[in-house]
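Below is one structure, written out as structure tokens; the observations come after it.
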Amino acid sequence: MAEEYDVEFIERGDRSARFLVRGVTPAFANGIRRAMIADVPTLSVDSVRVIENSSVMFDEQIAHRLGMVPLTTPEGEFEEGDVVTLSIDVKGPSTAYSGDLVSGDSVVEPADDNIPIIDLKDDQRLELEAEAVLDSGKSHAKHQGGVAVGYRHLQYVDVVGDAAEFEEQEPNILRGVIEERAAEHAEGNAVNGDLVPTEEFDNDLTNRYPGKEVEVNDVSNAFVFDVETDGSLTVEELVSRAVGSLEDRATELREAVQL
Amino acid sequence: MMVPVRCFTCGNVVGEHWEEFKARAREGDEDPEAVLDDLGVERHCCRRMIVSHKDLVDIVSPYQ
Ligand SMILES: [Zn+2]
């Protein structure tokens, strides 16, 4: 893609963010969303060698729980198919946590340390070796770095008239982010061009434009993304790797169809 | 038996919040709604994972 597009963060955290992208088509926006869900690879436990499991759960159940634990996946260190070995050895009475996993590679570790794996009673023990592999969400949801990834149009509100007098106004619920274009009718100190998350006025337009008749419209080619990750990578890494994977495939296609 | 690691619906990791929720809202007397808000478990799909959970390890372990 030759033309520039504009990215503006509305909320920004390590594991959850909301940002506005301008100048992209709906198809491209959806391409980014899908790449974040299915194409960005992360490490996850895929096979286990059980040495001792005298807990109340079957080996397969323990293996499944370990698979769901997000593992940090630094960029560029691994290729699809690479294996990292982790081990765990916990004796009861105590609970085995994801933080008890000892990784063979210092850059790969559980993203959260306090996920309970299994509660061990007296004389019970869990000892195993687990192999984490790099794969994408396409093959198994445990490799999916993005959680609840979505987008919606940026919207703007037109004030088209006054609400009927002497009548109780019905709530006018809207979710997402609006671009202020009717600041003179809005409550508080609004400025045209402000990006306002609808939570700021309790998702009810009658709180922001009291006594007004309003119409909501989409801002074309502007999308507000909501992105969360499971902790295996940051939002920023997830988005840039998703865009990178789209670019790689576009380049591959261009080369493949070239004369 | 053990609290699920992730939410069945959205895939968010919820297991890590169980023990604090249990201590504060089940064994303690805090309002479960306020505890979930405080823990940052926002979506109702994730909240039901925790609200509807019951630890069963203590119940089944005598029958091993
Ligand atoms: Zn959920």
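Just so we're on the same page: first chain in the structure tokens is A, next is B, and so on; residues restart at 1 for each chain, and ligands are numbered from 1 in the order they show up.
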
Compute the set of chain B residues within 9 Å of chain A, using only C-alpha atoms, and express it as an MDAnalysis selection string. chainID B and resid 1:6 10:19 57:58 60:61 64

Residue selection dump (N, CA and C atoms) as a PDB file, in the first residue's frame:
```pdb
ATOM      1  N   MET B   1     -13.981 -28.809  38.013  1.00  0.00           N
ATOM      2  CA  MET B   1     -13.113 -29.268  39.102  1.00  0.00           C
ATOM      3  C   MET B   1     -12.155 -28.150  39.518  1.00  0.00           C
ATOM      4  N   MET B   2     -11.244 -27.786  38.590  1.00  0.00           N
ATOM      5  CA  MET B   2     -10.422 -26.584  38.790  1.00  0.00           C
ATOM      6  C   MET B   2     -11.037 -25.482  37.930  1.00  0.00           C
ATOM      7  N   VAL B   3     -10.817 -24.230  38.302  1.00  0.00           N
ATOM      8  CA  VAL B   3     -11.392 -23.129  37.528  1.00  0.00           C
ATOM      9  C   VAL B   3     -10.797 -23.147  36.115  1.00  0.00           C
ATOM     10  N   PRO B   4     -11.618 -22.978  35.068  1.00  0.00           N
ATOM     11  CA  PRO B   4     -11.070 -22.970  33.704  1.00  0.00           C
ATOM     12  C   PRO B   4     -10.012 -21.870  33.544  1.00  0.00           C
ATOM     13  N   VAL B   5      -8.978 -22.172  32.765  1.00  0.00           N
ATOM     14  CA  VAL B   5      -7.905 -21.197  32.568  1.00  0.00           C
ATOM     15  C   VAL B   5      -8.434 -19.992  31.806  1.00  0.00           C
ATOM     16  N   ARG B   6      -9.228 -20.275  30.762  1.00  0.00           N
ATOM     17  CA  ARG B   6      -9.705 -19.180  29.911  1.00  0.00           C
ATOM     18  C   ARG B   6     -11.227 -19.176  29.825  1.00  0.00           C
ATOM     19  N   CYS B  10     -14.690 -15.969  24.909  1.00  0.00           N
ATOM     20  CA  CYS B  10     -13.812 -14.993  24.274  1.00  0.00           C
ATOM     21  C   CYS B  10     -12.334 -15.349  24.372  1.00  0.00           C
ATOM     22  N   GLY B  11     -11.955 -16.300  25.216  1.00  0.00           N
ATOM     23  CA  GLY B  11     -10.567 -16.708  25.282  1.00  0.00           C
ATOM     24  C   GLY B  11      -9.697 -15.886  26.206  1.00  0.00           C
ATOM     25  N   ASN B  12     -10.303 -14.980  26.942  1.00  0.00           N
ATOM     26  CA  ASN B  12      -9.569 -14.180  27.910  1.00  0.00           C
ATOM     27  C   ASN B  12      -9.130 -15.070  29.080  1.00  0.00           C
ATOM     28  N   VAL B  13      -7.949 -14.824  29.632  1.00  0.00           N
ATOM     29  CA  VAL B  13      -7.480 -15.620  30.768  1.00  0.00           C
ATOM     30  C   VAL B  13      -8.222 -15.182  32.031  1.00  0.00           C
ATOM     31  N   VAL B  14      -8.998 -16.083  32.628  1.00  0.00           N
ATOM     32  CA  VAL B  14      -9.752 -15.721  33.829  1.00  0.00           C
ATOM     33  C   VAL B  14      -9.292 -16.495  35.060  1.00  0.00           C
ATOM     34  N   GLY B  15      -8.572 -17.616  34.862  1.00  0.00           N
ATOM     35  CA  GLY B  15      -8.179 -18.490  35.969  1.00  0.00           C
ATOM     36  C   GLY B  15      -7.410 -17.791  37.065  1.00  0.00           C
ATOM     37  N   GLU B  16      -6.594 -16.827  36.672  1.00  0.00           N
ATOM     38  CA  GLU B  16      -5.745 -16.140  37.644  1.00  0.00           C
ATOM     39  C   GLU B  16      -6.540 -15.335  38.664  1.00  0.00           C
ATOM     40  N   HIS B  17      -7.807 -15.012  38.353  1.00  0.00           N
ATOM     41  CA  HIS B  17      -8.587 -14.177  39.270  1.00  0.00           C
ATOM     42  C   HIS B  17      -9.393 -14.987  40.280  1.00  0.00           C
ATOM     43  N   TRP B  18      -9.468 -16.312  40.056  1.00  0.00           N
ATOM     44  CA  TRP B  18     -10.376 -17.118  40.860  1.00  0.00           C
ATOM     45  C   TRP B  18     -10.068 -17.064  42.355  1.00  0.00           C
ATOM     46  N   GLU B  19      -8.795 -17.249  42.700  1.00  0.00           N
ATOM     47  CA  GLU B  19      -8.480 -17.366  44.133  1.00  0.00           C
ATOM     48  C   GLU B  19      -8.794 -16.080  44.894  1.00  0.00           C
ATOM     49  N   VAL B  57     -12.007 -30.295  43.757  1.00  0.00           N
ATOM     50  CA  VAL B  57     -10.865 -31.163  44.049  1.00  0.00           C
ATOM     51  C   VAL B  57     -10.998 -31.783  45.442  1.00  0.00           C
ATOM     52  N   ASP B  58     -11.408 -30.984  46.417  1.00  0.00           N
ATOM     53  CA  ASP B  58     -11.543 -31.502  47.782  1.00  0.00           C
ATOM     54  C   ASP B  58     -12.618 -32.572  47.869  1.00  0.00           C
ATOM     55  N   VAL B  60     -13.604 -34.708  45.313  1.00  0.00           N
ATOM     56  CA  VAL B  60     -13.281 -35.978  44.640  1.00  0.00           C
ATOM     57  C   VAL B  60     -12.002 -36.632  45.161  1.00  0.00           C
ATOM     58  N   SER B  61     -11.134 -35.873  45.829  1.00  0.00           N
ATOM     59  CA  SER B  61      -9.829 -36.456  46.179  1.00  0.00           C
ATOM     60  C   SER B  61      -9.890 -37.685  47.106  1.00  0.00           C
ATOM     61  N   GLN B  64      -9.856 -41.136  45.082  1.00  0.00           N
ATOM     62  CA  GLN B  64      -8.790 -41.419  44.106  1.00  0.00           C
ATOM     63  C   GLN B  64      -8.432 -42.900  44.137  1.00  0.00           C
TER      64      GLN B  64
END
```

As a PyMOL selection string, please: all residues of range 16-259 of chain A that backbone DSSP puts in strand (DSSP E or B). chain A and resi 16-22+42-53+71+83-91+94-97+102-103+110+116-120+125-135+146-162+173+177-179+195-197+204+212-229

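Every residue having at least one atom no farther than 7 Å from ligand 1 is included below, with only C-alpha atoms and all ligand atoms taken into account: Cys7, Phe8, Thr9, Cys10, Gly11, Asn12, Arg43, His44, Cys45 and Cys46 of chain B.
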
Those same residues, written as a PDB file, in the first residue's frame with all heavy atoms?
```
ATOM      1  N   CYS B   7     -11.745 -18.027  29.435  1.00  0.00           N
ATOM      2  CA  CYS B   7     -13.178 -17.913  29.180  1.00  0.00           C
ATOM      3  C   CYS B   7     -13.520 -18.748  27.950  1.00  0.00           C
ATOM      4  O   CYS B   7     -12.839 -18.663  26.931  1.00  0.00           O
ATOM      5  CB  CYS B   7     -13.532 -16.454  28.940  1.00  0.00           C
ATOM      6  SG  CYS B   7     -15.195 -16.200  28.342  1.00  0.00           S
ATOM      7  N   PHE B   8     -14.586 -19.548  28.046  1.00  0.00           N
ATOM      8  CA  PHE B   8     -14.976 -20.412  26.923  1.00  0.00           C
ATOM      9  C   PHE B   8     -15.348 -19.588  25.693  1.00  0.00           C
ATOM     10  O   PHE B   8     -15.165 -20.017  24.569  1.00  0.00           O
ATOM     11  CB  PHE B   8     -16.205 -21.251  27.301  1.00  0.00           C
ATOM     12  CG  PHE B   8     -15.938 -22.278  28.367  1.00  0.00           C
ATOM     13  CD1 PHE B   8     -16.993 -22.756  29.127  1.00  0.00           C
ATOM     14  CD2 PHE B   8     -14.665 -22.767  28.597  1.00  0.00           C
ATOM     15  CE1 PHE B   8     -16.770 -23.713  30.113  1.00  0.00           C
ATOM     16  CE2 PHE B   8     -14.435 -23.711  29.576  1.00  0.00           C
ATOM     17  CZ  PHE B   8     -15.503 -24.178  30.333  1.00  0.00           C
ATOM     18  N   THR B   9     -15.930 -18.425  25.918  1.00  0.00           N
ATOM     19  CA  THR B   9     -16.465 -17.648  24.804  1.00  0.00           C
ATOM     20  C   THR B   9     -15.412 -16.774  24.124  1.00  0.00           C
ATOM     21  O   THR B   9     -15.262 -16.815  22.919  1.00  0.00           O
ATOM     22  CB  THR B   9     -17.633 -16.775  25.292  1.00  0.00           C
ATOM     23  OG1 THR B   9     -18.601 -17.638  25.888  1.00  0.00           O
ATOM     24  CG2 THR B   9     -18.268 -16.022  24.162  1.00  0.00           C
ATOM     25  N   CYS B  10     -14.690 -15.969  24.909  1.00  0.00           N
ATOM     26  CA  CYS B  10     -13.812 -14.993  24.274  1.00  0.00           C
ATOM     27  C   CYS B  10     -12.334 -15.349  24.372  1.00  0.00           C
ATOM     28  O   CYS B  10     -11.514 -14.756  23.679  1.00  0.00           O
ATOM     29  CB  CYS B  10     -14.051 -13.597  24.840  1.00  0.00           C
ATOM     30  SG  CYS B  10     -13.442 -13.369  26.505  1.00  0.00           S
ATOM     31  N   GLY B  11     -11.955 -16.300  25.216  1.00  0.00           N
ATOM     32  CA  GLY B  11     -10.567 -16.708  25.282  1.00  0.00           C
ATOM     33  C   GLY B  11      -9.697 -15.886  26.206  1.00  0.00           C
ATOM     34  O   GLY B  11      -8.488 -16.069  26.255  1.00  0.00           O
ATOM     35  N   ASN B  12     -10.303 -14.980  26.942  1.00  0.00           N
ATOM     36  CA  ASN B  12      -9.569 -14.180  27.910  1.00  0.00           C
ATOM     37  C   ASN B  12      -9.130 -15.070  29.080  1.00  0.00           C
ATOM     38  O   ASN B  12      -9.856 -15.967  29.464  1.00  0.00           O
ATOM     39  CB  ASN B  12     -10.504 -13.079  28.405  1.00  0.00           C
ATOM     40  CG  ASN B  12      -9.793 -12.025  29.201  1.00  0.00           C
ATOM     41  OD1 ASN B  12      -8.605 -11.825  29.061  1.00  0.00           O
ATOM     42  ND2 ASN B  12     -10.549 -11.350  30.057  1.00  0.00           N
ATOM     43  N   ARG B  43     -16.272  -8.383  30.704  1.00  0.00           N
ATOM     44  CA  ARG B  43     -17.341  -8.938  29.862  1.00  0.00           C
ATOM     45  C   ARG B  43     -18.171  -9.958  30.625  1.00  0.00           C
ATOM     46  O   ARG B  43     -17.641 -10.695  31.460  1.00  0.00           O
ATOM     47  CB  ARG B  43     -16.732  -9.595  28.625  1.00  0.00           C
ATOM     48  CG  ARG B  43     -16.275  -8.611  27.583  1.00  0.00           C
ATOM     49  CD  ARG B  43     -15.772  -9.339  26.373  1.00  0.00           C
ATOM     50  NE  ARG B  43     -14.489  -9.961  26.599  1.00  0.00           N
ATOM     51  CZ  ARG B  43     -13.332  -9.328  26.503  1.00  0.00           C
ATOM     52  NH1 ARG B  43     -13.312  -8.062  26.196  1.00  0.00           N
ATOM     53  NH2 ARG B  43     -12.206  -9.967  26.729  1.00  0.00           N
ATOM     54  N   HIS B  44     -19.464 -10.041  30.293  1.00  0.00           N
ATOM     55  CA  HIS B  44     -20.295 -10.966  31.055  1.00  0.00           C
ATOM     56  C   HIS B  44     -19.975 -12.417  30.747  1.00  0.00           C
ATOM     57  O   HIS B  44     -20.216 -13.291  31.558  1.00  0.00           O
ATOM     58  CB  HIS B  44     -21.787 -10.648  30.915  1.00  0.00           C
ATOM     59  CG  HIS B  44     -22.317 -10.659  29.536  1.00  0.00           C
ATOM     60  ND1 HIS B  44     -22.275  -9.554  28.719  1.00  0.00           N
ATOM     61  CD2 HIS B  44     -22.883 -11.629  28.816  1.00  0.00           C
ATOM     62  CE1 HIS B  44     -22.821  -9.863  27.565  1.00  0.00           C
ATOM     63  NE2 HIS B  44     -23.186 -11.106  27.588  1.00  0.00           N
ATOM     64  N   CYS B  45     -19.353 -12.696  29.564  1.00  0.00           N
ATOM     65  CA  CYS B  45     -18.951 -14.080  29.280  1.00  0.00           C
ATOM     66  C   CYS B  45     -17.860 -14.523  30.251  1.00  0.00           C
ATOM     67  O   CYS B  45     -17.851 -15.670  30.710  1.00  0.00           O
ATOM     68  CB  CYS B  45     -18.491 -14.225  27.833  1.00  0.00           C
ATOM     69  SG  CYS B  45     -17.113 -13.177  27.344  1.00  0.00           S
ATOM     70  N   CYS B  46     -16.929 -13.621  30.573  1.00  0.00           N
ATOM     71  CA  CYS B  46     -15.831 -13.944  31.489  1.00  0.00           C
ATOM     72  C   CYS B  46     -16.333 -13.989  32.935  1.00  0.00           C
ATOM     73  O   CYS B  46     -15.895 -14.804  33.733  1.00  0.00           O
ATOM     74  CB  CYS B  46     -14.717 -12.910  31.383  1.00  0.00           C
ATOM     75  SG  CYS B  46     -14.112 -12.625  29.728  1.00  0.00           S
TER      76      CYS B  46
END
```

Neighbour list for Arg26 in chain B as a PyMOL selection string, cut-off 12 Å, only C-alpha atoms, skip fewer than 6 positions in-chain: chain B and resi 18-20+32-33+35+50-55

Could you find all residues in range 65-158 of chain A that DSSP calls helix (DSSP H, G or I) from the backbone, and write them as a PDB file with N, CA and C atoms, in the first residue's frame?
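Result written to selection-v6.pdb:
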```pdb
ATOM      1  N   ARG A  65      -4.924 -27.798  30.200  1.00  0.00           N
ATOM      2  CA  ARG A  65      -4.801 -26.572  30.992  1.00  0.00           C
ATOM      3  C   ARG A  65      -3.476 -25.873  30.717  1.00  0.00           C
ATOM      4  N   LEU A  66      -2.414 -26.660  30.566  1.00  0.00           N
ATOM      5  CA  LEU A  66      -1.106 -26.046  30.273  1.00  0.00           C
ATOM      6  C   LEU A  66      -1.130 -25.381  28.899  1.00  0.00           C
ATOM      7  N   GLY A  67      -1.843 -26.003  27.962  1.00  0.00           N
ATOM      8  CA  GLY A  67      -1.938 -25.425  26.619  1.00  0.00           C
ATOM      9  C   GLY A  67      -2.591 -24.065  26.609  1.00  0.00           C
ATOM     10  N   MET A  68      -3.540 -23.847  27.531  1.00  0.00           N
ATOM     11  CA  MET A  68      -4.268 -22.581  27.563  1.00  0.00           C
ATOM     12  C   MET A  68      -3.461 -21.448  28.204  1.00  0.00           C
ATOM     13  N   SER A  98       0.815 -21.691  37.108  1.00  0.00           N
ATOM     14  CA  SER A  98       1.545 -21.487  35.856  1.00  0.00           C
ATOM     15  C   SER A  98       2.941 -20.930  36.135  1.00  0.00           C
ATOM     16  N   GLY A  99       3.076 -20.157  37.234  1.00  0.00           N
ATOM     17  CA  GLY A  99       4.369 -19.589  37.592  1.00  0.00           C
ATOM     18  C   GLY A  99       5.395 -20.637  38.008  1.00  0.00           C
ATOM     19  N   ASP A 100       4.931 -21.868  38.314  1.00  0.00           N
ATOM     20  CA  ASP A 100       5.873 -22.942  38.672  1.00  0.00           C
ATOM     21  C   ASP A 100       6.527 -23.555  37.452  1.00  0.00           C
ATOM     22  N   ALA A 141      -6.975 -22.444  18.773  1.00  0.00           N
ATOM     23  CA  ALA A 141      -7.280 -21.176  19.429  1.00  0.00           C
ATOM     24  C   ALA A 141      -6.275 -20.825  20.518  1.00  0.00           C
ATOM     25  N   LYS A 142      -5.556 -21.821  21.053  1.00  0.00           N
ATOM     26  CA  LYS A 142      -4.577 -21.500  22.105  1.00  0.00           C
ATOM     27  C   LYS A 142      -3.420 -20.675  21.568  1.00  0.00           C
ATOM     28  N   HIS A 143      -3.210 -20.683  20.245  1.00  0.00           N
ATOM     29  CA  HIS A 143      -2.141 -19.890  19.640  1.00  0.00           C
ATOM     30  C   HIS A 143      -2.617 -18.494  19.248  1.00  0.00           C
TER      31      HIS A 143
END
```

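Between CA of Val133 in chain A and CA of Leu233 in chain A there is a distance of 15.4 Å.
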
I'd like the neighbourhood of Leu174 in chain A as a tab-separated table (two decimals) with C-alpha atoms, in the first residue's frame, where a residue qualifies if any of its atoms comes within 8 Å (using only C-alpha atoms), though same-chain residues fewer than 3 positions away should be ignored.
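Result file follows (out.tsv):
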```tsv
chain	number	residue	atom	x	y	z
A	198	THR	CA	-19.54	7.06	24.29
A	203	ASN	CA	-23.66	5.72	26.08
A	204	ASP	CA	-26.74	7.93	25.92
A	205	LEU	CA	-26.82	10.71	23.35
```

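In this model, the gap between CA of Asp135 in chain A and CA of Thr73 in chain A comes to 10.9 Å.
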